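**Student:** Quick one: the structure is below, questions incoming.
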Amino acid sequence: PPISLSDYAGTFGHPTGQRVLQDIQEGFHYYAAMFEYGMDPLTLAFREGQRSVALWLTQLVEESLINPEAVPDYTTEGQPQEDDIDATR
């Protein structure tokens with residue numbers, strides 16, 4: 001079955017899930033500036049990719065805690081519609 005925001009609310013709505021999310025945010029540079037003087041461009045791109053995952057996950061968690069009953073509308077092919085969770089963020 002497709003994943004829904006209520007799945008995120010169930011996972012990250014508890015203290016343990018909140019600690020895991022905080023660990024992801026800290027480990028994936030959610031709160032940090034990406035650029036450091038002299039940094040290799042590939043390292044910068046890698047860190048920015050990590051940060052984008054933390055940003056995406058945090059947004060989903062925040063949306064799920066506001067509206068845990070929201071469920072994405074999938075087509076018969078299983079492709080998300082425009083209103084669905086954007087898995088490419």
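In the structure tokens, each chain is lettered A, B, ... as it comes, each chain's residues begin at 1, and ligands are numbered from 1 in order of appearance.
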Find the residues near A:Arg51: any atom within 6 Å, counting only C-alpha atoms, skip ones fewer than 3 places away on the same chain, and give them as a list in words.
**Tutor:** Phe28, His29, Tyr30, Glu48 and Ala54 of chain A
**Student:** Name all residues at most 8 Å from A:Tyr8 (count only C-alpha atoms; drop same-chain ones fewer than 5 positions away) and give them as a PDB file with N, CA, C and O atoms, in the first residue's frame.
**Tutor:**
ATOM      1  N   GLY A  13       5.800  10.842  15.555  1.00  0.00           N
ATOM      2  CA  GLY A  13       4.964  11.533  16.519  1.00  0.00           C
ATOM      3  C   GLY A  13       5.241  11.143  17.963  1.00  0.00           C
ATOM      4  O   GLY A  13       4.671  11.711  18.877  1.00  0.00           O
ATOM      5  N   LEU A  60       7.776  16.607   5.781  1.00  0.00           N
ATOM      6  CA  LEU A  60       6.753  15.567   5.830  1.00  0.00           C
ATOM      7  C   LEU A  60       6.276  15.323   7.255  1.00  0.00           C
ATOM      8  O   LEU A  60       5.079  15.156   7.500  1.00  0.00           O
ATOM      9  N   VAL A  61       7.201  15.303   8.194  1.00  0.00           N
ATOM     10  CA  VAL A  61       6.840  15.084   9.593  1.00  0.00           C
ATOM     11  C   VAL A  61       5.967  16.223  10.092  1.00  0.00           C
ATOM     12  O   VAL A  61       4.933  15.995  10.735  1.00  0.00           O
ATOM     13  N   SER A  64       2.573  15.874   8.606  1.00  0.00           N
ATOM     14  CA  SER A  64       1.855  14.719   9.145  1.00  0.00           C
ATOM     15  C   SER A  64       1.324  14.990  10.542  1.00  0.00           C
ATOM     16  O   SER A  64       0.254  14.496  10.904  1.00  0.00           O
ATOM     17  N   PRO A  68      -2.570  14.282  10.130  1.00  0.00           N
ATOM     18  CA  PRO A  68      -2.160  12.880   9.986  1.00  0.00           C
ATOM     19  C   PRO A  68      -3.096  12.031   9.148  1.00  0.00           C
ATOM     20  O   PRO A  68      -2.738  10.935   8.752  1.00  0.00           O
TER      21      PRO A  68
END
**Student:** One number please: atom CA of A:Val53 to atom CA of A:Glu36, in Å, one decimal.
**Tutor:**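 Calculated distance between atom CA of A:Val53 and atom CA of A:Glu36 is 20.0 Å.
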**Student:** Work out how far atom CA of A:Leu5 is from atom CA of A:Ala45, in Å to one decimal.
**Tutor:**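 Taking atom CA of A:Ala45 as the start and atom CA of A:Leu5 as the end point, the length is 28.6 Å.
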**Student:** Give the answer as one residue: which of A:Phe35, A:Thr16, A:Ser6, A:Arg47 has the shortest atom-to-atom distance to A:Glu62, using only C-alpha atoms?
**Tutor:**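 For A:Glu62, the nearest of the given residues is A:Ser6.
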**Student:** From a backbone DSSP assignment, name each residue in stretch 10-55 of chain A labelled alpha helix (DSSP H), as a VMD selection string.
**Tutor:** chain A and resid 10 to 12 15 to 27 41 to 55
**Student:** At what distance in Å, to one decimal, does atom CA of A:Thr58 lie from atom CA of A:Met34?
**Tutor:**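 Computing the Euclidean distance for atom CA of A:Met34 and atom CA of A:Thr58 yields 17.7 Å.
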**Student:** Hey, what's within 12 Å of A:Gly17 if we count only C-alpha atoms and toss same-chain stuff fewer than 4 positions away? As a ChimeraX atom specification, please?
**Tutor:** /A:7-13,21-24,57-58,61
**Student:** Would you save the residues of that selection, restricted to N, CA, C and O atoms, as a PDB file, in the first residue's frame?
**Tutor:**
ATOM      1  N   ASP A   7       1.460   7.570   8.313  1.00  0.00           N
ATOM      2  CA  ASP A   7       2.604   6.702   8.597  1.00  0.00           C
ATOM      3  C   ASP A   7       3.747   7.509   9.202  1.00  0.00           C
ATOM      4  O   ASP A   7       4.412   7.065  10.137  1.00  0.00           O
ATOM      5  N   TYR A   8       3.967   8.697   8.655  1.00  0.00           N
ATOM      6  CA  TYR A   8       5.012   9.568   9.206  1.00  0.00           C
ATOM      7  C   TYR A   8       4.640  10.038  10.604  1.00  0.00           C
ATOM      8  O   TYR A   8       5.476  10.094  11.500  1.00  0.00           O
ATOM      9  N   ALA A   9       3.364  10.370  10.801  1.00  0.00           N
ATOM     10  CA  ALA A   9       2.909  10.812  12.123  1.00  0.00           C
ATOM     11  C   ALA A   9       3.083   9.694  13.144  1.00  0.00           C
ATOM     12  O   ALA A   9       3.510   9.935  14.276  1.00  0.00           O
ATOM     13  N   GLY A  10       2.769   8.469  12.748  1.00  0.00           N
ATOM     14  CA  GLY A  10       2.930   7.333  13.650  1.00  0.00           C
ATOM     15  C   GLY A  10       4.378   7.055  13.994  1.00  0.00           C
ATOM     16  O   GLY A  10       4.696   6.662  15.115  1.00  0.00           O
ATOM     17  N   THR A  11       5.260   7.272  13.032  1.00  0.00           N
ATOM     18  CA  THR A  11       6.681   7.012  13.258  1.00  0.00           C
ATOM     19  C   THR A  11       7.352   8.131  14.037  1.00  0.00           C
ATOM     20  O   THR A  11       8.088   7.882  14.986  1.00  0.00           O
ATOM     21  N   PHE A  12       7.100   9.368  13.648  1.00  0.00           N
ATOM     22  CA  PHE A  12       7.830  10.491  14.231  1.00  0.00           C
ATOM     23  C   PHE A  12       7.014  11.280  15.252  1.00  0.00           C
ATOM     24  O   PHE A  12       7.490  12.277  15.779  1.00  0.00           O
ATOM     25  N   GLY A  13       5.800  10.842  15.555  1.00  0.00           N
ATOM     26  CA  GLY A  13       4.964  11.533  16.519  1.00  0.00           C
ATOM     27  C   GLY A  13       5.241  11.143  17.963  1.00  0.00           C
ATOM     28  O   GLY A  13       4.671  11.711  18.877  1.00  0.00           O
ATOM     29  N   LEU A  21      14.535  11.838  14.358  1.00  0.00           N
ATOM     30  CA  LEU A  21      14.493  12.963  13.431  1.00  0.00           C
ATOM     31  C   LEU A  21      15.553  13.998  13.789  1.00  0.00           C
ATOM     32  O   LEU A  21      16.249  14.509  12.908  1.00  0.00           O
ATOM     33  N   GLN A  22      15.712  14.292  15.072  1.00  0.00           N
ATOM     34  CA  GLN A  22      16.724  15.249  15.493  1.00  0.00           C
ATOM     35  C   GLN A  22      18.130  14.744  15.139  1.00  0.00           C
ATOM     36  O   GLN A  22      18.976  15.516  14.682  1.00  0.00           O
ATOM     37  N   ASP A  23      18.370  13.450  15.290  1.00  0.00           N
ATOM     38  CA  ASP A  23      19.667  12.881  14.930  1.00  0.00           C
ATOM     39  C   ASP A  23      19.913  13.004  13.428  1.00  0.00           C
ATOM     40  O   ASP A  23      21.025  13.337  12.993  1.00  0.00           O
ATOM     41  N   ILE A  24      18.879  12.761  12.626  1.00  0.00           N
ATOM     42  CA  ILE A  24      18.997  12.920  11.169  1.00  0.00           C
ATOM     43  C   ILE A  24      19.290  14.379  10.825  1.00  0.00           C
ATOM     44  O   ILE A  24      20.164  14.667  10.004  1.00  0.00           O
ATOM     45  N   LEU A  57      12.320  15.283   4.852  1.00  0.00           N
ATOM     46  CA  LEU A  57      11.757  14.474   5.918  1.00  0.00           C
ATOM     47  C   LEU A  57      11.121  15.346   6.997  1.00  0.00           C
ATOM     48  O   LEU A  57      10.018  15.063   7.469  1.00  0.00           O
ATOM     49  N   THR A  58      11.788  16.428   7.365  1.00  0.00           N
ATOM     50  CA  THR A  58      11.245  17.334   8.374  1.00  0.00           C
ATOM     51  C   THR A  58       9.922  17.935   7.908  1.00  0.00           C
ATOM     52  O   THR A  58       8.969  18.028   8.679  1.00  0.00           O
ATOM     53  N   VAL A  61       7.201  15.303   8.194  1.00  0.00           N
ATOM     54  CA  VAL A  61       6.840  15.084   9.593  1.00  0.00           C
ATOM     55  C   VAL A  61       5.967  16.223  10.092  1.00  0.00           C
ATOM     56  O   VAL A  61       4.933  15.995  10.735  1.00  0.00           O
TER      57      VAL A  61
END
